[in-house]
file my_file29.tsv (TSV, C-alpha atoms)
chain	number	residue	atom	x	y	z
A	16	LYS	CA	-14.19	-27.23	0.67
A	17	ALA	CA	-14.35	-25.13	3.81
A	18	GLY	CA	-12.39	-21.89	3.84
A	19	VAL	CA	-9.97	-20.58	6.43
A	20	THR	CA	-11.68	-20.31	9.78
A	21	GLN	CA	-10.64	-18.09	12.65
A	22	THR	CA	-11.88	-18.17	16.18
A	23	PRO	CA	-13.08	-16.21	17.94
A	24	ARG	CA	-14.36	-13.57	15.53
A	25	TYR	CA	-14.52	-10.87	18.17
A	26	LEU	CA	-12.63	-10.48	21.41
A	27	ILE	CA	-12.49	-7.83	24.10
A	28	LYS	CA	-9.63	-7.84	26.58
A	29	THR	CA	-8.12	-5.40	29.04
A	30	ARG	CA	-4.58	-4.15	29.18
A	31	GLY	CA	-2.11	-6.59	30.67
A	32	GLN	CA	-4.09	-9.68	29.80
A	33	GLN	CA	-3.02	-12.24	27.27
A	34	VAL	CA	-4.97	-13.64	24.34
A	35	THR	CA	-4.81	-16.66	22.06
A	36	LEU	CA	-6.26	-16.61	18.56
A	37	SER	CA	-6.85	-19.71	16.50
A	38	CYS	CA	-6.71	-20.39	12.78
A	39	SER	CA	-7.73	-23.51	10.89
A	40	PRO	CA	-6.37	-23.52	7.33
A	41	ILE	CA	-8.06	-24.98	4.30
A	42	SER	CA	-7.77	-28.74	4.29
A	43	GLY	CA	-4.48	-29.75	2.67
A	44	HIS	CA	-2.84	-26.37	3.13
A	45	ARG	CA	0.43	-26.49	5.06
A	46	SER	CA	1.50	-22.85	5.15
A	47	VAL	CA	-0.17	-20.46	7.57
A	48	SER	CA	0.57	-16.74	7.83
A	49	TRP	CA	-0.64	-14.13	10.28
A	50	TYR	CA	-1.13	-10.43	9.65
A	51	GLN	CA	-2.18	-7.51	11.82
A	52	GLN	CA	-4.41	-4.85	10.27
A	53	THR	CA	-4.87	-1.43	11.88
A	54	PRO	CA	-6.07	1.90	10.46
A	55	GLY	CA	-2.74	3.53	11.27
A	56	GLN	CA	-0.22	0.88	10.25
A	57	GLY	CA	-2.20	-0.99	7.64
A	58	LEU	CA	-1.48	-4.66	7.00
A	59	GLN	CA	1.66	-5.91	8.66
A	60	PHE	CA	3.15	-9.38	8.52
A	61	LEU	CA	3.49	-11.16	11.86
A	62	PHE	CA	4.83	-14.64	11.05
A	63	GLU	CA	4.55	-17.60	8.72
A	64	TYR	CA	4.61	-21.30	9.56
A	65	PHE	CA	5.11	-24.38	7.45
A	66	SER	CA	5.19	-27.91	8.82
A	67	GLU	CA	5.31	-26.59	12.38
A	68	THR	CA	8.36	-24.43	11.64
A	69	GLN	CA	8.43	-20.65	11.63
A	70	ARG	CA	10.02	-19.58	8.36
A	71	ASN	CA	9.74	-15.84	8.69
A	72	LYS	CA	8.84	-13.33	11.36
A	73	GLY	CA	7.82	-9.72	11.10
A	74	ASN	CA	9.03	-6.81	13.13
A	75	PHE	CA	6.88	-7.25	16.21
A	76	PRO	CA	7.91	-7.45	19.87
A	77	GLY	CA	8.38	-10.77	21.59
A	78	ARG	CA	4.94	-10.44	23.16
A	79	PHE	CA	3.64	-11.76	19.87
A	80	SER	CA	4.22	-15.44	19.37
A	81	GLY	CA	2.75	-18.26	17.36
A	82	ARG	CA	2.88	-21.91	16.69
A	83	GLN	CA	1.61	-24.48	14.26
A	84	PHE	CA	0.39	-27.95	15.05
A	85	SER	CA	0.90	-31.17	13.12
A	86	ASN	CA	-2.55	-30.81	11.54
A	87	SER	CA	-1.49	-27.36	10.23
A	88	ARG	CA	-3.81	-25.49	12.58
A	89	SER	CA	-2.12	-22.44	14.02
A	90	GLU	CA	-2.43	-20.24	17.06
A	91	MET	CA	-1.02	-16.87	17.86
A	92	ASN	CA	-0.61	-15.49	21.33
A	93	VAL	CA	-0.23	-11.93	22.53
A	94	SER	CA	0.88	-11.47	26.10
A	95	THR	CA	0.67	-8.34	28.23
A	96	LEU	CA	-1.82	-6.67	25.94
A	97	GLU	CA	-1.46	-2.98	25.15
A	98	LEU	CA	-4.05	-0.59	23.78
A	99	GLY	CA	-2.14	-0.49	20.50
A	100	ASP	CA	-2.71	-4.20	20.00
A	101	SER	CA	-6.32	-3.49	19.10
A	102	ALA	CA	-6.57	-4.66	15.52
A	103	LEU	CA	-8.00	-7.11	13.05
A	104	TYR	CA	-5.80	-10.20	13.02
A	105	LEU	CA	-5.91	-12.07	9.75
A	106	CYS	CA	-4.80	-15.59	9.09
A	107	ALA	CA	-4.04	-16.88	5.61
A	108	SER	CA	-3.22	-20.33	4.30
A	109	SER	CA	-1.64	-21.66	1.15
A	110	ILE	CA	-0.86	-25.10	-0.19
A	111	ALA	CA	2.87	-25.51	0.17
A	112	SER	CA	5.36	-22.98	-1.06
A	113	GLY	CA	3.99	-20.17	1.01
A	114	PRO	CA	2.91	-16.60	0.44
A	115	SER	CA	5.52	-15.72	-2.16
A	116	THR	CA	3.94	-17.53	-5.06
A	117	ASP	CA	1.08	-19.68	-3.83
A	118	THR	CA	-2.33	-18.12	-3.69
A	119	GLN	CA	-3.08	-17.20	-0.11
A	120	TYR	CA	-6.59	-17.65	1.17
A	121	PHE	CA	-7.54	-15.34	4.01
A	122	GLY	CA	-9.90	-15.96	6.86
A	123	PRO	CA	-12.42	-13.35	8.03
A	124	GLY	CA	-10.16	-12.26	10.86
A	125	THR	CA	-10.43	-11.86	14.61
A	126	ARG	CA	-11.29	-8.38	15.80
A	127	LEU	CA	-9.40	-7.76	19.03
A	128	THR	CA	-10.28	-4.77	21.18
A	129	VAL	CA	-8.05	-3.92	24.13
A	130	LEU	CA	-9.59	-1.67	26.78
B	15	ALA	CA	13.21	-5.10	1.79
B	16	GLN	CA	10.54	-5.08	-0.84
B	17	SER	CA	7.84	-2.45	-0.60
B	18	VAL	CA	4.95	-1.10	-2.63
B	19	THR	CA	3.39	2.35	-2.78
B	20	GLN	CA	-0.24	2.84	-3.66
B	21	LEU	CA	-0.98	6.28	-5.04
B	22	GLY	CA	-4.27	7.63	-3.77
B	23	SER	CA	-5.95	6.43	-0.62
B	24	HIS	CA	-9.42	7.06	-2.05
B	25	VAL	CA	-10.76	6.76	-5.57
B	26	SER	CA	-14.31	7.65	-6.57
B	27	VAL	CA	-15.68	6.52	-9.92
B	28	SER	CA	-19.04	6.54	-11.63
B	29	GLU	CA	-20.73	3.26	-12.38
B	30	GLY	CA	-19.59	2.16	-15.83
B	31	ALA	CA	-16.41	4.25	-15.76
B	32	LEU	CA	-12.83	3.02	-15.83
B	33	VAL	CA	-11.28	1.98	-12.55
B	34	LEU	CA	-7.54	2.65	-12.29
B	35	LEU	CA	-5.62	1.92	-9.10
B	36	ARG	CA	-1.91	2.68	-9.03
B	37	CYS	CA	0.84	0.62	-7.46
B	38	ASN	CA	4.60	1.08	-7.69
B	39	TYR	CA	7.15	-1.32	-6.27
B	40	SER	CA	10.69	-0.72	-5.09
B	41	SER	CA	13.05	-3.36	-6.36
B	42	SER	CA	15.83	-3.74	-8.88
B	43	VAL	CA	14.82	-7.35	-9.40
B	44	PRO	CA	11.25	-8.05	-10.58
B	45	PRO	CA	9.39	-9.35	-7.56
B	46	TYR	CA	6.13	-11.22	-7.26
B	47	LEU	CA	3.18	-8.83	-7.20
B	48	PHE	CA	-0.39	-9.24	-6.09
B	49	TRP	CA	-3.65	-7.33	-5.88
B	50	TYR	CA	-6.12	-8.17	-3.14
B	51	VAL	CA	-9.61	-6.83	-2.40
B	52	GLN	CA	-11.22	-6.51	1.00
B	53	TYR	CA	-14.94	-6.01	1.48
B	54	PRO	CA	-16.22	-4.61	4.77
B	55	ASN	CA	-15.87	-6.99	7.69
B	56	GLN	CA	-14.22	-9.63	5.57
B	57	GLY	CA	-10.77	-11.00	4.92
B	58	LEU	CA	-8.75	-10.41	1.78
B	59	GLN	CA	-9.45	-12.04	-1.56
B	60	LEU	CA	-6.84	-12.43	-4.29
B	61	LEU	CA	-7.73	-10.61	-7.50
B	62	LEU	CA	-4.63	-11.48	-9.49
B	63	LYS	CA	-0.90	-12.11	-9.23
B	64	TYR	CA	2.23	-11.61	-11.31
B	65	THR	CA	4.96	-14.21	-11.02
B	66	SER	CA	7.21	-13.36	-14.01
B	67	ALA	CA	5.08	-14.95	-16.70
B	68	ALA	CA	2.89	-12.72	-18.91
B	69	THR	CA	3.17	-9.02	-18.13
B	70	LEU	CA	-0.57	-8.51	-18.60
B	71	VAL	CA	-2.35	-10.44	-15.90
B	72	LYS	CA	-6.07	-11.08	-15.93
B	73	GLY	CA	-7.87	-11.66	-12.68
B	74	ILE	CA	-11.32	-12.22	-11.31
B	75	ASN	CA	-14.31	-9.91	-11.61
B	76	GLY	CA	-13.01	-8.29	-14.81
B	77	PHE	CA	-9.85	-6.83	-13.28
B	78	GLU	CA	-6.47	-6.90	-14.93
B	79	ALA	CA	-3.02	-5.48	-14.21
B	80	GLU	CA	0.04	-4.79	-16.31
B	81	PHE	CA	3.57	-5.27	-15.03
B	82	LYS	CA	5.87	-2.54	-16.36
B	83	LYS	CA	9.46	-3.04	-15.35
B	84	SER	CA	10.62	0.28	-16.82
B	85	GLU	CA	8.14	2.12	-14.62
B	86	THR	CA	8.30	-0.31	-11.64
B	87	SER	CA	4.53	-0.29	-11.74
B	88	PHE	CA	1.71	-2.80	-11.46
B	89	HIS	CA	-1.47	-0.76	-11.90
B	90	LEU	CA	-4.89	-2.40	-11.59
B	91	THR	CA	-7.66	-1.59	-14.04
B	92	LYS	CA	-11.24	-2.51	-14.78
B	93	PRO	CA	-12.91	-1.08	-17.88
B	94	SER	CA	-16.36	-0.61	-16.38
B	95	ALA	CA	-17.01	-0.14	-12.67
B	96	HIS	CA	-19.90	-1.88	-10.99
B	97	MET	CA	-21.48	-0.98	-7.66
B	98	SER	CA	-20.17	-4.25	-6.25
B	99	ASP	CA	-16.58	-3.06	-6.84
B	100	ALA	CA	-16.84	-0.72	-3.86
B	101	ALA	CA	-14.19	-2.08	-1.49
B	102	GLU	CA	-10.61	-1.56	-0.35
B	103	TYR	CA	-7.85	-2.73	-2.66
B	104	PHE	CA	-4.34	-3.67	-1.63
B	105	CYS	CA	-1.24	-4.10	-3.71
B	106	ALA	CA	1.32	-6.52	-2.26
B	107	VAL	CA	4.83	-7.67	-3.06
B	108	SER	CA	6.98	-10.64	-2.18
B	109	ASP	CA	10.37	-12.09	-2.97
B	110	LEU	CA	10.69	-15.77	-3.72
B	111	ASP	CA	11.44	-17.67	-0.52
B	112	ASP	CA	10.55	-14.62	1.54
B	113	TYR	CA	7.47	-16.34	2.91
B	114	LYS	CA	5.65	-13.08	3.49
B	115	LEU	CA	3.66	-10.42	1.71
B	116	SER	CA	4.33	-6.71	2.15
B	117	PHE	CA	1.19	-4.68	1.54
B	118	GLY	CA	0.61	-1.17	0.37
B	119	ALA	CA	-1.53	1.22	2.41
B	120	GLY	CA	-4.64	0.40	0.41
B	121	THR	CA	-7.01	2.33	-1.84
B	122	THR	CA	-10.69	2.63	-1.00
B	123	VAL	CA	-12.93	2.63	-4.05
B	124	THR	CA	-16.38	4.15	-4.00
B	125	VAL	CA	-18.72	3.78	-6.96
B	126	ARG	CA	-21.28	6.48	-7.70
B	127	ALA	CA	-24.59	5.54	-9.27
call {"tool": "encode", "arguments": {"input": "my_file29.tsv", "output": "structure tokens"}}
result
Amino acid sequence: KAGVTQTPRYLIKTRGQQVTLSCSPISGHRSVSWYQQTPGQGLQFLFEYFSETQRNKGNFPGRFSGRQFSNSRSEMNVSTLELGDSALYLCASSIASGPSTDTQYFGPGTRLTVL
Amino acid sequence: AQSVTQLGSHVSVSEGALVLLRCNYSSSVPPYLFWYVQYPNQGLQLLLKYTSAATLVKGINGFEAEFKKSETSFHLTKPSAHMSDAAEYFCAVSDLDDYKLSFGAGTTVTVRA
């Protein structure tokens, strides 16, 4: 069974641009979570989706948004990029209940660099 | 909000020695606790999780962790380190129906030959 896939793996953008990252969960998984990883702030929760509904959202500005499609694939969007948005963005999927108890399977991440 | 504290950002051990990584959680109600490992340029992989069943949890790659409510701790151990254990380890916590994980700052493990 294929793992969680994230595209693209690497991305370079300039300040003010917007970016869309994609995540395809493991087949049959319905919960998708997004995390931002930086050397300074560590791993921080962005949002979690289940059946196209956002169930929880982290403490990030409104420039960060996401959505989930009927096939469970998810995208996150960052508008008006800032230098501080440079990070590894990780997507994780789990079967049903979500990150609290289900095992979460992480993708390799998308490395975003903002110049 | 739930949080975890990992004591020690770097741990260096000799091959074959005990690996001990410390994690303390902040909660009056036992939460769900996890240990994840991250190898360079990769995502996170679950080592083990505690969800209020047995207090001694065995995971993959020879790791185990013991939940101690009196100490609000969930330390990760491995009796004998292997070179392949060199990685970054994260402790994480969640409440039921919270739909998110809160991670500690991470501990980088280096293994000396």
call {"tool": "closest_residue", "arguments": {"input": "my_file29.tsv", "among": "B:Phe77, B:Tyr64, B:Tyr39, B:Tyr113", "to": "chain A", "atoms": "all atoms listed in the file"}}
result
B:Tyr113
call {"tool": "residues_around", "arguments": {"input": "my_file29.tsv", "residues": "Ser98 in chain B", "least_positions_apart": "2", "cutoff": "12 Å", "atoms": "all atoms listed in the file", "output": "count of residues only"}}
result
19
call {"tool": "closest_atom_pairs", "arguments": {"input": "my_file29.tsv", "of": "chain B", "to": "chain A", "cutoff": "9 Å", "atoms": "only C-alpha atoms", "output": "CSV"}}
result
residue,atom,partner,partner_atom,distance
B:Tyr46,CA,A:Ser115,CA,6.8
B:Leu47,CA,A:Ser115,CA,8.9
B:Asn55,CA,A:Pro123,CA,7.2
B:Gln56,CA,A:Pro123,CA,4.8
B:Gly57,CA,A:Pro123,CA,4.2
B:Leu58,CA,A:Phe121,CA,5.5
B:Gln59,CA,A:Phe121,CA,6.8
B:Leu60,CA,A:Thr118,CA,7.3
B:Lys63,CA,A:Thr118,CA,8.3
B:Tyr64,CA,A:Thr116,CA,8.8
B:Thr65,CA,A:Thr116,CA,6.9
B:Val107,CA,A:Ser115,CA,8.1
B:Ser108,CA,A:Ser115,CA,5.3
B:Asp109,CA,A:Ser115,CA,6.1
B:Leu110,CA,A:Ser115,CA,5.4
B:Asp111,CA,A:Ser115,CA,6.4
B:Asp112,CA,A:Ser115,CA,6.3
B:Tyr113,CA,A:Pro114,CA,5.2
B:Lys114,CA,A:Pro114,CA,5.4
B:Leu115,CA,A:Pro114,CA,6.4
B:Ser116,CA,A:Phe60,CA,7.0
B:Phe117,CA,A:Leu58,CA,6.1
B:Gly118,CA,A:Leu58,CA,7.8
B:Ala119,CA,A:Gly57,CA,5.7
B:Gly120,CA,A:Gly57,CA,7.8
call {"tool": "closest_residue", "arguments": {"input": "my_file29.tsv", "among": "A:Asn74, A:Ser94, A:Ser109, A:Ser89", "to": "Arg30 in chain A", "atoms": "all atoms listed in the file"}}
result
A:Ser94
call {"tool": "atom_distance", "arguments": {"input": "my_file29.tsv", "atom1": "CA of Ile110 in chain A", "atom2": "CA of Ser39 in chain A"}}
result
13.1 Å
call {"tool": "closest_residue", "arguments": {"input": "my_file29.tsv", "among": "A:Gly31, A:Ala17, A:Phe84, A:Ser37", "to": "Gly99 in chain A", "atoms": "only C-alpha atoms"}}
result
A:Gly31
call {"tool": "closest_residue", "arguments": {"input": "my_file29.tsv", "among": "A:Leu36, A:Ile41, A:Gln83, A:Leu98", "to": "Arg24 in chain A", "atoms": "all atoms listed in the file"}}
result
A:Leu36
call {"tool": "closest_residue", "arguments": {"input": "my_file29.tsv", "among": "A:Ala111, A:Leu96, A:Arg45, A:Tyr25", "to": "Val129 in chain A", "atoms": "all atoms listed in the file"}}
result
A:Leu96
call {"tool": "atom_distance", "arguments": {"input": "my_file29.tsv", "atom1": "CA of Ala106 in chain B", "atom2": "CA of Val18 in chain B"}}
result
6.5 Å
call {"tool": "atom_distance", "arguments": {"input": "my_file29.tsv", "atom1": "CA of Asp100 in chain A", "atom2": "CA of Thr128 in chain A"}}
result
7.7 Å
call {"tool": "residues_around", "arguments": {"input": "my_file29.tsv", "residues": "Leu127 in chain A", "least_positions_apart": "5", "cutoff": "6 Å", "atoms": "only C-alpha atoms", "output": "number ranges by chain"}}
result
A: 26-27, 101-102
call {"tool": "build_atoms", "arguments": {"input": "my_file29.tsv", "residues": "range 26-37 of chain A", "atoms": "all heavy atoms", "output": "short mmCIF file (atom, residue, chain, number, x, y, z; two decimals), keeping the file's coordinate frame"}}
result
data_model
loop_
_atom_site.label_atom_id
_atom_site.label_comp_id
_atom_site.auth_asym_id
_atom_site.auth_seq_id
_atom_site.Cartn_x
_atom_site.Cartn_y
_atom_site.Cartn_z
N LEU A 26 -13.23 -10.27 20.10
CA LEU A 26 -12.63 -10.48 21.41
C LEU A 26 -12.40 -9.14 22.08
O LEU A 26 -11.89 -8.21 21.44
CB LEU A 26 -11.31 -11.22 21.23
CG LEU A 26 -10.70 -12.07 22.32
CD1 LEU A 26 -11.71 -13.05 22.89
CD2 LEU A 26 -9.50 -12.81 21.78
N ILE A 27 -12.77 -9.04 23.33
CA ILE A 27 -12.49 -7.83 24.10
C ILE A 27 -11.67 -8.22 25.31
O ILE A 27 -12.06 -9.11 26.07
CB ILE A 27 -13.79 -7.12 24.54
CG1 ILE A 27 -14.61 -6.70 23.32
CG2 ILE A 27 -13.47 -5.92 25.41
CD1 ILE A 27 -15.96 -6.10 23.66
N LYS A 28 -10.54 -7.56 25.47
CA LYS A 28 -9.63 -7.84 26.58
C LYS A 28 -9.23 -6.51 27.23
O LYS A 28 -9.45 -5.44 26.66
CB LYS A 28 -8.38 -8.57 26.09
CG LYS A 28 -8.63 -9.98 25.58
CD LYS A 28 -8.88 -10.93 26.72
CE LYS A 28 -8.95 -12.36 26.25
NZ LYS A 28 -9.18 -13.30 27.39
N THR A 29 -8.64 -6.60 28.39
CA THR A 29 -8.12 -5.40 29.04
C THR A 29 -6.60 -5.42 29.03
O THR A 29 -5.97 -6.48 28.85
CB THR A 29 -8.63 -5.30 30.49
OG1 THR A 29 -8.25 -6.49 31.20
CG2 THR A 29 -10.14 -5.15 30.53
N ARG A 30 -6.03 -4.26 29.20
CA ARG A 30 -4.58 -4.15 29.18
C ARG A 30 -3.93 -5.08 30.20
O ARG A 30 -4.42 -5.24 31.31
CB ARG A 30 -4.17 -2.71 29.51
CG ARG A 30 -4.27 -1.76 28.35
CD ARG A 30 -3.85 -0.35 28.76
NE ARG A 30 -4.71 0.20 29.79
CZ ARG A 30 -4.51 1.36 30.40
NH1 ARG A 30 -3.46 2.07 30.10
NH2 ARG A 30 -5.34 1.78 31.31
N GLY A 31 -2.83 -5.68 29.79
CA GLY A 31 -2.11 -6.59 30.67
C GLY A 31 -2.51 -8.04 30.54
O GLY A 31 -1.75 -8.93 30.94
N GLN A 32 -3.68 -8.29 29.98
CA GLN A 32 -4.09 -9.68 29.80
C GLN A 32 -3.36 -10.29 28.62
O GLN A 32 -2.64 -9.62 27.88
CB GLN A 32 -5.61 -9.75 29.55
CG GLN A 32 -6.45 -9.47 30.77
CD GLN A 32 -7.94 -9.71 30.51
OE1 GLN A 32 -8.51 -9.19 29.54
NE2 GLN A 32 -8.57 -10.50 31.37
N GLN A 33 -3.56 -11.58 28.44
CA GLN A 33 -3.02 -12.24 27.27
C GLN A 33 -4.18 -12.85 26.48
O GLN A 33 -5.29 -13.02 27.00
CB GLN A 33 -2.02 -13.33 27.65
CG GLN A 33 -2.62 -14.60 28.17
CD GLN A 33 -1.59 -15.74 28.18
OE1 GLN A 33 -0.38 -15.54 28.13
NE2 GLN A 33 -2.07 -16.97 28.24
N VAL A 34 -3.91 -13.13 25.20
CA VAL A 34 -4.97 -13.64 24.34
C VAL A 34 -4.39 -14.67 23.37
O VAL A 34 -3.22 -14.57 22.97
CB VAL A 34 -5.63 -12.48 23.56
CG1 VAL A 34 -4.65 -11.86 22.57
CG2 VAL A 34 -6.89 -12.94 22.85
N THR A 35 -5.19 -15.65 23.04
CA THR A 35 -4.81 -16.66 22.06
C THR A 35 -5.85 -16.69 20.95
O THR A 35 -7.05 -16.80 21.22
CB THR A 35 -4.70 -18.06 22.70
OG1 THR A 35 -3.68 -18.04 23.70
CG2 THR A 35 -4.33 -19.09 21.64
N LEU A 36 -5.39 -16.56 19.73
CA LEU A 36 -6.26 -16.61 18.56
C LEU A 36 -5.96 -17.89 17.78
O LEU A 36 -4.81 -18.33 17.70
CB LEU A 36 -6.01 -15.40 17.65
CG LEU A 36 -5.99 -14.02 18.32
CD1 LEU A 36 -5.77 -12.94 17.28
CD2 LEU A 36 -7.26 -13.79 19.09
N SER A 37 -7.01 -18.44 17.18
CA SER A 37 -6.85 -19.71 16.50
C SER A 37 -7.18 -19.59 15.02
O SER A 37 -8.05 -18.81 14.62
CB SER A 37 -7.76 -20.75 17.15
OG SER A 37 -7.63 -22.00 16.51
#
